[in-house]
Structure formats: structure tokens, C-alpha cells
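See below for coords-v2.txt, which holds compact mmCIF, C-alpha atoms and all ligand atoms.
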# COMPACT_ATOMS: atom_id res chain seq x y z
CA MET A 1 102.88 71.78 87.17
CA PHE A 2 101.06 75.06 87.68
CA ILE A 3 97.45 76.26 87.38
CA LYS A 4 96.29 78.94 84.92
CA GLY A 5 93.03 79.97 83.39
CA GLU A 6 89.46 81.02 83.89
CA ILE A 7 86.73 78.67 85.12
CA GLU A 8 83.19 78.53 86.42
CA VAL A 9 82.30 76.09 89.18
CA ALA A 10 79.08 74.17 89.91
CA PRO A 11 75.93 76.17 90.76
CA ASP A 12 75.22 76.61 94.47
CA LYS A 13 73.80 73.49 96.13
CA SER A 14 72.07 75.25 99.04
CA ILE A 15 70.34 77.77 96.78
CA SER A 16 69.33 75.08 94.25
CA HIS A 17 67.53 73.03 96.95
CA ARG A 18 65.73 76.14 98.20
CA ALA A 19 64.76 77.28 94.69
CA LEU A 20 62.98 73.95 94.06
CA MET A 21 61.22 73.81 97.43
CA ILE A 22 60.11 77.44 97.58
CA SER A 23 58.92 77.35 93.95
CA ALA A 24 56.95 74.19 94.78
CA ILE A 25 54.95 75.97 97.51
CA ALA A 26 54.45 79.23 95.57
CA GLU A 27 51.20 79.81 93.71
CA GLY A 28 52.13 79.67 90.02
CA THR A 29 55.05 78.95 87.71
CA SER A 30 58.66 79.77 88.69
CA ARG A 31 61.77 79.44 86.53
CA ILE A 32 65.16 78.38 87.88
CA LYS A 33 68.21 79.33 85.82
CA ASN A 34 71.59 77.58 86.33
CA PHE A 35 70.16 74.86 88.59
CA LEU A 36 72.71 72.40 90.05
CA LYS A 37 72.12 68.99 88.48
CA ALA A 38 73.97 67.01 91.14
CA ASP A 39 72.80 64.00 93.17
CA ASP A 40 71.70 65.94 96.28
CA CYS A 41 69.52 68.40 94.36
CA ILE A 42 68.13 65.60 92.20
CA SER A 43 67.05 63.91 95.47
CA THR A 44 65.05 67.03 96.35
CA MET A 45 63.60 67.17 92.83
CA ASN A 46 62.50 63.50 92.93
CA CYS A 47 60.92 63.92 96.38
CA LEU A 48 58.93 66.94 95.21
CA LYS A 49 57.82 65.11 92.04
CA LYS A 50 56.61 62.23 94.24
CA LEU A 51 54.63 64.80 96.23
CA GLY A 52 52.78 65.80 93.06
CA VAL A 53 54.77 68.91 92.09
CA ASP A 54 55.03 69.46 88.32
CA ILE A 55 58.73 70.02 87.53
CA ALA A 56 60.09 70.05 83.98
CA GLU A 57 63.19 71.20 82.13
CA LYS A 58 62.96 73.56 79.15
CA ASP A 59 65.81 75.31 77.31
CA GLY A 60 68.18 74.57 80.19
CA GLU A 61 65.83 76.05 82.80
CA ILE A 62 63.85 74.21 85.47
CA ILE A 63 60.16 75.10 85.38
CA VAL A 64 58.24 74.47 88.60
CA LYS A 65 54.45 74.73 88.74
CA GLY A 66 53.79 75.52 92.38
CA ASN A 67 50.54 74.58 93.99
CA GLY A 68 50.67 76.77 97.09
CA LEU A 69 51.46 75.68 100.64
CA LYS A 70 49.20 72.62 100.35
CA LEU A 71 50.85 70.16 97.99
CA LYS A 72 48.70 68.10 95.64
CA GLY A 73 50.28 64.82 96.71
CA SER A 74 49.09 62.02 98.93
CA SER A 75 50.89 59.80 101.46
CA ALA A 76 54.33 58.92 100.15
CA ILE A 77 57.69 57.35 100.97
CA LEU A 78 60.50 59.70 100.01
CA ASP A 79 64.19 58.87 99.56
CA ALA A 80 66.47 61.80 100.46
CA GLY A 81 69.58 59.85 99.40
CA ASN A 82 72.73 61.45 100.91
CA SER A 83 71.14 64.86 101.40
CA GLY A 84 70.64 66.36 104.88
CA THR A 85 69.25 69.54 103.33
CA THR A 86 66.52 67.53 101.56
CA VAL A 87 65.23 65.82 104.73
CA ARG A 88 65.54 68.75 107.08
CA LEU A 89 64.11 71.47 104.84
CA LEU A 90 61.41 69.34 103.28
CA SER A 91 60.19 68.24 106.74
CA GLY A 92 59.28 71.87 107.45
CA ILE A 93 56.98 71.81 104.42
CA LEU A 94 55.57 68.33 105.09
CA VAL A 95 54.36 69.07 108.63
CA GLY A 96 51.76 71.45 107.16
CA GLN A 97 50.25 68.96 104.69
CA ASN A 98 47.08 66.92 105.12
CA PHE A 99 48.76 63.59 104.46
CA THR A 100 51.48 61.42 106.01
CA THR A 101 55.02 61.13 104.62
CA LYS A 102 57.86 58.79 105.45
CA ILE A 103 61.43 59.88 104.67
CA THR A 104 64.38 57.52 104.29
CA GLY A 105 67.98 58.05 103.22
CA ASP A 106 71.27 56.29 102.48
CA GLU A 107 73.61 54.76 105.06
CA SER A 108 75.37 58.07 105.84
CA LEU A 109 72.16 60.10 106.16
CA SER A 110 70.65 57.40 108.40
CA LYS A 111 73.42 58.11 110.92
CA ARG A 112 72.84 61.89 110.99
CA PRO A 113 70.82 63.48 113.82
CA MET A 114 67.23 64.49 113.10
CA LYS A 115 66.23 65.33 116.68
CA ARG A 116 67.29 68.89 115.89
CA ILE A 117 64.27 69.24 113.58
CA VAL A 118 61.88 66.87 115.36
CA GLU A 119 62.07 68.95 118.56
CA PRO A 120 61.00 72.36 117.16
CA LEU A 121 58.46 70.82 114.78
CA GLU A 122 56.80 68.89 117.64
CA LYS A 123 56.68 72.16 119.61
CA MET A 124 54.70 73.58 116.68
CA GLY A 125 52.23 70.71 117.08
CA ALA A 126 53.57 68.36 114.40
CA LYS A 127 53.11 64.61 114.80
CA MET A 128 56.42 62.89 114.05
CA LYS A 129 57.89 59.43 114.54
CA SER A 130 61.58 58.71 114.18
CA LYS A 131 64.02 55.93 115.03
CA ASN A 132 65.32 57.54 118.22
CA GLY A 133 65.99 60.80 116.44
CA TYR A 134 67.32 59.15 113.24
CA LEU A 135 65.82 58.21 109.87
CA PRO A 136 63.39 56.93 108.82
CA ILE A 137 61.04 59.63 110.04
CA GLU A 138 57.30 59.71 109.60
CA ILE A 139 55.47 63.01 109.47
CA GLU A 140 51.72 63.26 109.90
CA GLY A 141 50.81 66.67 108.55
CA GLY A 142 48.29 68.88 110.34
CA ASN A 143 47.59 72.27 111.88
CA LEU A 144 50.58 74.12 113.29
CA LYS A 145 51.02 76.84 115.89
CA PRO A 146 53.78 79.48 115.80
CA ILE A 147 56.73 79.24 118.22
CA ASN A 148 59.74 81.32 119.29
CA TYR A 149 62.55 78.79 119.07
CA ASP A 150 65.93 79.29 120.70
CA SER A 151 68.28 76.84 118.97
CA LYS A 152 71.38 75.55 120.77
CA ILE A 153 73.17 75.05 117.45
CA SER A 154 73.72 77.42 114.54
CA SER A 155 72.22 75.60 111.59
CA ALA A 156 70.73 76.92 108.36
CA GLN A 157 69.04 73.57 107.84
CA VAL A 158 67.19 73.69 111.17
CA LYS A 159 66.43 77.41 110.73
CA SER A 160 65.01 76.85 107.24
CA CYS A 161 62.94 73.91 108.46
CA VAL A 162 61.31 76.03 111.18
CA LEU A 163 60.78 78.97 108.77
CA PHE A 164 59.09 76.68 106.23
CA ALA A 165 56.81 75.28 108.94
CA GLY A 166 56.15 78.86 110.10
CA LEU A 167 54.65 79.65 106.69
CA SER A 168 51.74 77.31 107.61
CA ALA A 169 51.30 78.46 111.23
CA ALA A 170 48.90 81.36 111.87
CA GLY A 171 51.01 84.11 113.52
CA VAL A 172 54.70 84.94 113.82
CA THR A 173 57.26 82.14 114.19
CA SER A 174 60.79 83.08 115.18
CA PHE A 175 64.11 81.24 115.23
CA THR A 176 67.20 82.36 117.17
CA GLU A 177 70.64 80.75 116.78
CA PRO A 178 73.97 81.41 118.59
CA GLU A 179 75.68 82.68 115.42
CA GLN A 180 74.05 83.58 112.13
CA SER A 181 74.10 80.69 109.63
CA ARG A 182 73.68 81.06 105.85
CA ASP A 183 70.63 83.20 105.02
CA HIS A 184 69.62 81.95 101.54
CA THR A 185 66.17 80.84 102.75
CA GLU A 186 65.39 84.25 104.23
CA ARG A 187 66.52 86.06 101.07
CA MET A 188 64.58 83.79 98.73
CA LEU A 189 61.40 83.71 100.81
CA LYS A 190 61.39 87.54 100.75
CA ASN A 191 61.73 87.47 96.96
CA PHE A 192 58.71 85.16 96.78
CA GLY A 193 56.67 87.61 98.89
CA ALA A 194 56.93 86.15 102.42
CA LYS A 195 57.03 88.54 105.37
CA VAL A 196 60.45 87.85 106.89
CA GLU A 197 62.20 89.98 109.49
CA ILE A 198 65.80 89.64 110.59
CA ASN A 199 67.18 91.04 113.82
CA LYS A 200 70.78 89.95 114.49
CA ASN A 201 70.60 86.15 114.96
CA THR A 202 66.79 86.00 115.08
CA VAL A 203 64.59 85.52 112.02
CA SER A 204 60.79 85.84 112.15
CA ILE A 205 58.24 84.82 109.56
CA LYS A 206 54.53 85.56 109.32
CA GLY A 207 52.07 82.79 108.54
CA ILE A 208 49.80 81.77 107.04
CA ALA A 209 51.66 82.96 103.96
CA LYS A 210 50.84 83.06 100.28
CA LEU A 211 53.94 82.98 98.06
CA HIS A 212 53.94 84.34 94.53
CA PRO A 213 56.10 82.68 91.86
CA SER A 214 59.46 84.18 90.93
CA ASP A 215 62.50 83.64 88.72
CA VAL A 216 65.66 82.45 90.43
CA PHE A 217 69.26 82.55 89.18
CA ILE A 218 71.67 80.22 90.96
CA PRO A 219 75.21 81.64 91.34
CA GLY A 220 78.34 79.46 91.43
CA ASP A 221 78.88 77.65 94.72
CA ILE A 222 81.57 79.27 96.87
CA SER A 223 81.97 75.92 98.65
CA SER A 224 82.93 74.34 95.29
CA ALA A 225 85.09 77.34 94.30
CA ALA A 226 86.96 76.94 97.62
CA PHE A 227 88.77 73.80 96.36
CA PHE A 228 90.26 75.66 93.41
CA VAL A 229 91.00 78.81 95.42
CA VAL A 230 93.13 76.74 97.81
CA ALA A 231 94.67 74.76 94.93
CA VAL A 232 95.98 77.95 93.33
CA ALA A 233 97.14 79.41 96.65
CA ILE A 234 99.31 76.35 97.39
CA VAL A 235 100.62 75.52 93.89
CA LYS A 236 103.56 77.71 92.77
CA ASN A 237 103.36 80.07 89.72
CA SER A 238 99.58 79.82 89.47
CA GLU A 239 96.73 82.23 88.81
CA LEU A 240 93.04 81.55 88.26
CA LYS A 241 89.85 83.53 87.74
CA ILE A 242 86.66 81.84 88.99
CA LYS A 243 83.68 83.61 87.46
CA ASN A 244 80.17 84.18 88.80
CA VAL A 245 80.55 82.86 92.33
CA GLY A 246 77.98 83.57 95.05
CA VAL A 247 79.58 85.86 97.65
CA ASN A 248 76.77 86.06 100.20
CA PRO A 249 78.44 87.36 103.40
CA THR A 250 77.07 84.37 105.36
CA ARG A 251 79.19 82.11 103.11
CA THR A 252 82.44 84.03 102.57
CA GLY A 253 84.23 82.99 105.77
CA ILE A 254 86.61 80.96 103.58
CA ILE A 255 87.78 84.12 101.78
CA ASP A 256 88.29 86.01 105.06
CA VAL A 257 90.27 83.13 106.55
CA LEU A 258 92.45 82.62 103.47
CA LYS A 259 93.15 86.36 103.27
CA ARG A 260 94.13 86.25 106.93
CA MET A 261 96.50 83.44 105.94
CA CYS A 262 98.03 85.90 103.41
CA ALA A 263 96.40 84.34 100.33
CA LYS A 264 96.40 86.67 97.32
CA ILE A 265 92.69 86.89 96.56
CA GLU A 266 90.73 89.63 94.83
CA ILE A 267 86.99 89.96 94.41
CA GLU A 268 85.91 91.69 91.18
CA ASN A 269 82.77 92.54 89.27
CA LYS A 270 80.49 92.32 92.32
CA ARG A 271 76.76 92.60 91.60
CA GLU A 272 73.45 91.23 92.85
CA ILE A 273 71.14 88.80 91.03
CA ALA A 274 67.79 87.64 92.45
CA GLY A 275 68.70 88.84 95.93
CA GLU A 276 72.11 87.12 96.12
CA PRO A 277 75.51 88.85 95.71
CA ILE A 278 77.75 87.38 93.00
CA ALA A 279 81.32 88.18 91.86
CA ASP A 280 84.49 86.88 90.18
CA ILE A 281 87.28 85.58 92.41
CA ILE A 282 90.91 86.00 91.31
CA VAL A 283 93.54 84.03 93.18
CA LYS A 284 97.32 83.75 92.86
CA SER A 285 100.01 81.49 94.38
CA SER A 286 100.65 82.62 97.93
CA ASP A 287 103.01 82.15 100.87
CA LEU A 288 100.47 81.10 103.47
CA LYS A 289 100.72 81.79 107.18
CA SER A 290 98.82 79.95 109.95
CA THR A 291 95.68 81.30 111.63
CA ASN A 292 93.15 80.51 114.36
CA ILE A 293 89.50 79.79 113.60
CA GLU A 294 87.03 79.84 116.48
CA ARG A 295 83.41 78.89 117.09
CA SER A 296 81.92 82.28 116.12
CA GLU A 297 83.34 81.99 112.59
CA ILE A 298 82.45 78.32 111.96
CA PRO A 299 78.91 78.75 110.48
CA LEU A 300 80.38 81.07 107.81
CA LEU A 301 82.72 78.31 106.56
CA ILE A 302 81.15 75.13 107.91
CA ASP A 303 81.69 73.14 104.68
CA GLU A 304 85.16 74.55 103.98
CA ILE A 305 87.04 73.19 107.01
CA PRO A 306 88.34 70.11 105.13
CA ILE A 307 89.92 72.28 102.41
CA ILE A 308 91.16 74.83 105.00
CA ALA A 309 92.94 71.89 106.67
CA VAL A 310 94.75 71.22 103.36
CA ALA A 311 95.75 74.91 103.10
CA ALA A 312 97.01 74.81 106.71
CA THR A 313 99.43 71.95 105.91
CA GLN A 314 101.23 74.45 103.63
CA ALA A 315 101.02 77.45 105.95
CA GLU A 316 103.89 78.55 108.13
CA GLY A 317 103.02 78.03 111.80
CA ILE A 318 100.28 76.32 113.79
CA THR A 319 96.67 76.60 112.62
CA LYS A 320 94.11 75.85 115.30
CA ILE A 321 90.44 75.24 114.47
CA THR A 322 88.02 74.98 117.43
CA GLY A 323 84.24 75.06 118.01
CA ALA A 324 83.69 72.84 114.96
CA LYS A 325 81.99 69.84 116.60
CA GLU A 326 79.22 69.96 113.97
CA LEU A 327 81.72 68.52 111.49
CA ARG A 328 81.38 65.19 113.24
CA VAL A 329 77.76 64.87 112.02
CA LYS A 330 78.18 65.83 108.36
CA GLU A 331 78.22 63.30 105.46
CA THR A 332 81.03 61.65 107.44
CA ASP A 333 82.94 62.65 110.58
CA ARG A 334 85.01 65.27 108.77
CA LEU A 335 87.42 65.97 111.65
CA LYS A 336 88.32 62.29 111.87
CA ALA A 337 88.45 61.82 108.09
CA MET A 338 90.71 64.81 107.40
CA SER A 339 93.11 64.09 110.22
CA SER A 340 93.50 60.40 109.39
CA GLU A 341 93.80 60.86 105.61
CA LEU A 342 96.07 63.94 105.64
CA ARG A 343 98.29 62.16 108.17
CA LYS A 344 98.65 59.29 105.67
CA MET A 345 99.98 61.93 103.25
CA GLY A 346 102.55 63.12 105.79
CA ALA A 347 100.74 66.08 107.38
CA ASP A 348 101.33 67.07 110.98
CA ILE A 349 97.70 67.14 112.11
CA GLN A 350 96.06 66.52 115.45
CA GLU A 351 92.38 65.86 116.04
CA LEU A 352 90.64 67.74 118.86
CA GLU A 353 87.18 66.90 120.15
CA ASP A 354 85.86 70.01 118.39
CA GLY A 355 88.53 70.85 115.84
CA LEU A 356 92.00 70.36 114.41
CA ILE A 357 95.55 71.52 115.06
CA ILE A 358 97.75 71.58 111.96
CA LYS A 359 101.44 72.41 111.89
CA GLY A 360 102.94 73.61 108.63
CA PRO A 361 104.46 73.73 106.20
CA THR A 362 104.94 70.03 105.54
CA LYS A 363 105.90 68.25 102.33
CA LEU A 364 103.05 65.94 101.45
CA LYS A 365 103.54 62.54 99.85
CA GLY A 366 101.14 60.55 97.69
CA ALA A 367 99.15 57.81 99.45
CA LYS A 368 96.09 55.61 99.17
CA VAL A 369 93.42 57.65 100.97
CA ASP A 370 89.74 57.22 101.77
CA SER A 371 87.03 59.76 100.92
CA TYR A 372 84.60 57.91 103.23
CA LYS A 373 82.15 58.52 100.33
CA ASP A 374 82.04 62.19 101.39
CA HIS A 375 82.23 64.59 98.42
CA ARG A 376 84.06 67.35 100.29
CA ILE A 377 86.66 64.94 101.68
CA ALA A 378 87.31 63.52 98.18
CA MET A 379 87.79 66.99 96.67
CA SER A 380 89.98 68.23 99.54
CA LEU A 381 92.26 65.20 99.19
CA ALA A 382 92.41 65.73 95.43
CA ILE A 383 93.74 69.26 96.02
CA ALA A 384 96.27 67.91 98.55
CA SER A 385 97.44 65.43 95.89
CA LEU A 386 98.45 68.36 93.62
CA ILE A 387 101.37 69.19 95.91
CA ALA A 388 102.14 65.63 97.05
CA GLU A 389 105.18 63.84 95.77
CA GLY A 390 104.16 60.57 94.15
CA LYS A 391 100.80 59.04 93.32
CA THR A 392 97.64 59.55 95.36
CA GLU A 393 94.69 57.20 95.05
CA ILE A 394 91.33 58.36 96.45
CA LEU A 395 88.75 55.68 97.26
CA ASP A 396 85.15 56.25 96.08
CA LYS A 397 86.15 59.39 94.21
CA ASP A 398 82.86 59.46 92.25
CA CYS A 399 81.11 60.80 95.36
CA VAL A 400 81.92 64.30 94.00
CA ASN A 401 78.64 63.85 92.07
CA ILE A 402 76.81 64.82 95.29
CA SER A 403 77.67 68.51 94.79
CA PHE A 404 80.13 69.00 91.91
CA PRO A 405 79.79 66.50 89.01
CA GLU A 406 82.27 68.44 86.83
CA PHE A 407 84.98 68.43 89.50
CA TRP A 408 87.31 65.79 88.03
CA CYS A 409 86.99 67.22 84.54
CA LEU A 410 87.89 70.75 85.74
CA PHE A 411 90.64 69.33 87.95
CA GLY A 412 92.24 67.79 84.86
CA LYS A 413 91.75 70.93 82.74
CA ILE A 414 93.35 73.59 84.96
CA LYS A 415 96.67 71.79 85.35
CA GLN A 416 99.33 73.09 82.92
C1 LIG B 501 73.31 73.72 104.43
C2 LIG B 501 73.67 74.11 105.69
C3 LIG B 501 74.84 73.57 106.40
C4 LIG B 501 75.82 72.90 105.45
C5 LIG B 501 75.15 72.02 104.45
C6 LIG B 501 74.11 72.78 103.65
C7 LIG B 501 72.08 74.29 103.85
O1 LIG B 501 74.40 72.62 107.34
O2 LIG B 501 76.79 72.17 106.17
O3 LIG B 501 76.11 71.47 103.56
O4 LIG B 501 71.90 74.21 102.63
O5 LIG B 501 71.28 74.83 104.61
P1 LIG B 501 73.93 73.10 108.81
O6 LIG B 501 73.13 74.30 108.62
O7 LIG B 501 73.14 72.00 109.42
O8 LIG B 501 75.23 73.35 109.54
Go ahead and render the structure in this file as C-alpha cells.
Amino acid sequence: MFIKGEIEVAPDKSISHRALMISAIAEGTSRIKNFLKADDCISTMNCLKKLGVDIAEKDGEIIVKGNGLKLKGSSAILDAGNSGTTVRLLSGILVGQNFTTKITGDESLSKRPMKRIVEPLEKMGAKMKSKNGYLPIEIEGGNLKPINYDSKISSAQVKSCVLFAGLSAAGVTSFTEPEQSRDHTERMLKNFGAKVEINKNTVSIKGIAKLHPSDVFIPGDISSAAFFVVAVAIVKNSELKIKNVGVNPTRTGIIDVLKRMCAKIEIENKREIAGEPIADIIVKSSDLKSTNIERSEIPLLIDEIPIIAVAATQAEGITKITGAKELRVKETDRLKAMSSELRKMGADIQELEDGLIIKGPTKLKGAKVDSYKDHRIAMSLAIASLIAEGKTEILDKDCVNISFPEFWCLFGKIKQ
């Protein structure tokens, strides 16, 4: 078996969420091209519809009739499903409304920490109730004051939440994080006319803002492309072109790390659309070498650590990943999930409190493994199964619908 061809992967999940939310609070009609129709983004869409935002689909585009910062809706109960981005970003918009909202989520989301957004929002004057820092949370909208917030964690979700709230606070709100996280919110808010300034790891926004509508094009998701990039690197005699992938420098840590591991990767046809860089990625079978990944690099590849762990099982030497404690509070505990499931497949992998140590190369064998209903775990294990001897069975494999509904279809298609 080898991999050959040319593919496109799912549109970017982070940018799709932001396109819906920012369009919803702009004054007028925005069009979103290449929107990701996956469960997480549909959760955001349904929440916004419940809040009175007019969202329709026409000729494959999503048309959003924004109503300005004050939504038309009234008190509502919203279901964010599995999506951390939906709860955390939307909360920043809801604190500025003149009604009360309650947000719930599924079993996984109900175990994920919300104190990280409750704390800055309360500092801005928001009235919030939560179950000890977990869902459900209740937000009583009202007047907000600007803050300068120094975050202990690097998180694009927390940053975006504070920036959204800052739009409704009279004055300049700023957010500082230890390392810069993905900057899609900053880029898109600028395109919609917000006054955003970036100085190293600090972003400031001026409120009270008035956003104008805009057209958004969603590039392919580099986090989805990552599964196929690693697949080709570890499967012999393979070559693949992945077209139209977002290559925002706050997301391309995976490319830097794989190149450091001696992966044969080329970036071609680089251009910019609607404020986001986009390119084609060409990857070939590679003889991988181990590497070290430390805290400062983690935000640039936060969602790619599970698939990097798979690559590391095939790399010569010891790969050490540290400073990645945040992985314990994603859709599942991803450090625990990857070490236990890859070990079942024969990998030499050790779990650290804040990372992983993987010794390679090891021959993997097929096994019955658990995705823990986490989309990125399911897809990482699927790629591991390509080089495993024997059959691999992945439990709850349909969870790929959270971010990449076409995954299994593409997975079947690229294999020759
Ligand atoms: C996201 C940011 C990241 C990432 C998540 C999506 C976003 O979370 O893990 O999948 O769209 O802002 P954190 O910023 O909380 O690390």
C-alpha cells in the first residue's frame, strides 16, 4: 500500500466559527465561502440562530444578516455540543447583551474548564454563574468596562472571548498571553473594521465598536491536513499534494516540527485570501528523525500533538514533548489517550505530567483502540493503522464529524 494523489481537506474549523460569530455582530449582510459544515460549527450556527441571527445558505455560501453588537434575541438556553470554541467565544459576545443566556454542552464539554473565561469576564463587570467553573454557565448581559488582562495560559479561545467582550466595553481592552496563540480573531476583526493592535503577545481592541459586513473565504484546515501529511511521511513510496490549506504562521508549528524531523515537505502557490495566508502542501515519504518540542512551541501546534505522537513512533531516536499540559483539558485527555492507545499498538511511549516521550522507530501492530469520542484521537489512530500489521478497530470512529466529516472517505480514496 502507498499513498498518491491530490486532495483538499475540510475547511478550517477555527476560522469557520469566527466567520459566523463576527458576521452575526456586524451591521449588515456577510457572505462566508467554503464554510465547514461539521458538528462543532453547526453548534455555533444553531446557537446564533437561537439568538435571533438570520443565517441562510445560498449557492453553497452561508449568508449572515448581522444585527450589530446587540443581538435581536431574548433569553435563551444554548447547546454548544462538543465545542469549546462555541462556549468560550460566544460568551464574550453574550456578556454585552441585554438578556440572560444559559449555555450547556455534552458530557465531554461539561468536564472542560470555564473558569478561564469566567474570571476575565467578571473583571469586565459581567454577571456569570457556573457550576464551580464548569458548564452549565449562565450569563446576565450588561454594561462592561475595559480591562488589561494578563493570562496565565496561552489560549486563542480565552483571548477571542476577551476581545469579543472588549468590542462592547467603552475604551481599550487588552489581552496578554505567555506565547502567541492562533490569531484568526484578530485578523478577521480587522477585516470587519475593528480597531485591533498587536504588540508581541499583547492584543488590544477599542470599544465600543461598530463592525461592517465583509466576505470571508475559509481556507483548508491545517489541523485536518496534518493527518494526511504524517500519513504520507510514514508510508513508503508515497506522495501527496494537499491544495488550498491555511498556512497562518500561528498554525504552522506542525510543518516546522515535521521538517525538523526530516520530513520532505514543500509549500507552493502561497497567497493571501481575506487576510489569511493559504498554500498547497506537497509531502513525500520520509525517513523521520526524533525531535524535542517545548512549551514555547505548543500553541502553534496545540491540536497536532496526537498526530505528531504517531509520527514519532516511526522516527529514529527519542522524541520528547513537554509543556503540553493543556492537552489534558481538550475533548479528552489527549496525553493519556494517545499513550494508552498507541501502546496497545506496540509503541514505546511514556506519559509525562505535561507531555510524552516516544522512542522510535517501532513496528506497530493492529489492535482494538478507543478514540474516547475525540475526533483528533480517532484520526491519529487511523493514520497509525496504515503502518500497523494486522487489523485495527477504532471505537466511536464517527466522532470525526466534529471537524472533518469527509475524513473516512478521503482515507479510503488515497490508498493505492
Ligand atoms: C481553538 C483554539 C485552541 C484549539 C481549539 C480551537 C480556537 O484551543 O485547541 O481546537 O478556535 O480558538 P485553546 O486556544 O484553548 O488552546
### Query
Any idea what's packed within 9 Å of A:Phe99, counting only C-alpha atoms, ignoring anything in its chain fewer than 4 positions away? Could you give it as number ranges by chain?
A: 73-76, 94-95, 139-142
### Exercise: A:Ser285 partners within 7 Å, only C-alpha atoms, chain neighbours under 6 positions left out, as a VMD selection string
chain A and resid 232 to 239 264
### Message
ligand LIG 501 (chain B): which residues are within 10 Å, counting all atoms listed in the file? Reply as a VMD selection string.
### Response
chain A and resid 12 to 18 83 to 86 88 to 89 113 116 153 to 161 180 to 185 223 298 to 304 326 to 327 329 to 331 376 403
### Task
Tell me which protein, DNA and RNA residues are within 9 Å of A:Ile218, counting all atoms listed in the file, leaving out same-chain ones fewer than 4 positions away, and put them as an MDAnalysis selection string.
chainID A and resid 11:13 15:16 19 32:36 246 273:274 276
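With atom CA of A:Lys129 on one side and atom CA of A:Val172 on the other, the separation reads 25.7 Å.
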### Query
What is the distance between atom CA of A:Ile93 and atom CA of A:Thr252, in Å to one decimal?
28.3 Å
#### Entry: A:Asn82, A:Ser224, A:Ser385, A:Ser290 ranked by distance to A:Val257, top pick (using only C-alpha atoms)
A:Ser290
### Message
Within 9 Å of (83.6, 60.8, 104.5) in the file's own coordinates, which protein, DNA or RNA residues have an atom, counting only C-alpha atoms? List them as a PyMOL selection string.
### Response
chain A and resi 108+330-334+336-338+370-378
### Message
Distance cut-off 6 Å, centre (95.1, 73.5, 100.0) in file coordinates, counting only C-alpha atoms: which residues qualify? Return them as a PyMOL selection string.
### Response
chain A and resi 230-231+234+307+310-311+383-384
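Atom CA of A:Gly355 is positioned 13.1 Å from atom CA of A:Ile318.
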### Message
So that I can see what lies close to A:Pro405, please list as a count of residues only the residues with an atom at most 10 Å from it, counting all atoms listed in the file and leaving out residues fewer than 2 positions away in the same chain.
### Response
17
### Summary
Of A:Asp59, A:Asp256, A:Glu297, A:Asp215, the one nearest to A:Ala26 when counting all atoms listed in the file is A:Asp215
### Message
Using all atoms listed in the file, which protein or nucleic acid residues come within 12 Å of A:Leu90? Drop anything in the same chain fewer than 6 positions from it, and give the result as number ranges by chain.
### Response
A: 17-18, 20-22, 24-25, 43-48, 51, 71, 78-80, 83-84, 96-97, 101-103, 117, 121, 137, 139, 157-158, 160-165
Please supply stretch 101-114 of chain A, rebuilt with N, CA, C and O atoms, as a compact mmCIF listing (two decimals), keeping the file's coordinate frame.
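Output contents, as saved in selection-v8.txt:
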# COMPACT_ATOMS: atom_id res chain seq x y z
N THR A 101 53.86 61.43 105.45
CA THR A 101 55.02 61.13 104.62
C THR A 101 56.06 60.40 105.45
O THR A 101 56.25 60.71 106.63
N LYS A 102 56.74 59.46 104.79
CA LYS A 102 57.86 58.79 105.45
C LYS A 102 59.11 59.15 104.67
O LYS A 102 59.10 59.11 103.43
N ILE A 103 60.19 59.53 105.37
CA ILE A 103 61.43 59.88 104.67
C ILE A 103 62.55 58.92 105.08
O ILE A 103 62.77 58.69 106.26
N THR A 104 63.22 58.39 104.06
CA THR A 104 64.38 57.52 104.29
C THR A 104 65.61 58.16 103.64
O THR A 104 65.49 59.17 102.95
N GLY A 105 66.76 57.54 103.85
CA GLY A 105 67.98 58.05 103.22
C GLY A 105 69.03 56.97 103.14
O GLY A 105 68.78 55.83 103.58
N ASP A 106 70.21 57.31 102.62
CA ASP A 106 71.27 56.29 102.48
C ASP A 106 71.94 56.03 103.84
O ASP A 106 71.52 56.58 104.87
N GLU A 107 72.97 55.19 103.82
CA GLU A 107 73.61 54.76 105.06
C GLU A 107 74.15 55.95 105.87
O GLU A 107 73.97 56.04 107.08
N SER A 108 74.79 56.90 105.16
CA SER A 108 75.37 58.07 105.84
C SER A 108 74.26 58.94 106.44
O SER A 108 74.33 59.31 107.62
N LEU A 109 73.23 59.22 105.67
CA LEU A 109 72.16 60.10 106.16
C LEU A 109 71.41 59.45 107.34
O LEU A 109 70.94 60.16 108.23
N SER A 110 71.35 58.11 107.33
CA SER A 110 70.65 57.40 108.40
C SER A 110 71.39 57.51 109.73
O SER A 110 70.84 57.17 110.78
N LYS A 111 72.65 57.96 109.67
CA LYS A 111 73.42 58.11 110.92
C LYS A 111 73.45 59.57 111.38
O LYS A 111 74.11 59.91 112.36
N ARG A 112 72.78 60.46 110.65
CA ARG A 112 72.84 61.89 110.99
C ARG A 112 71.65 62.31 111.85
O ARG A 112 70.53 61.85 111.62
N PRO A 113 71.87 63.17 112.84
CA PRO A 113 70.82 63.48 113.82
C PRO A 113 69.65 64.28 113.23
O PRO A 113 69.85 65.27 112.54
N MET A 114 68.44 63.80 113.55
CA MET A 114 67.23 64.49 113.10
C MET A 114 66.44 65.09 114.27
O MET A 114 65.47 65.80 114.06
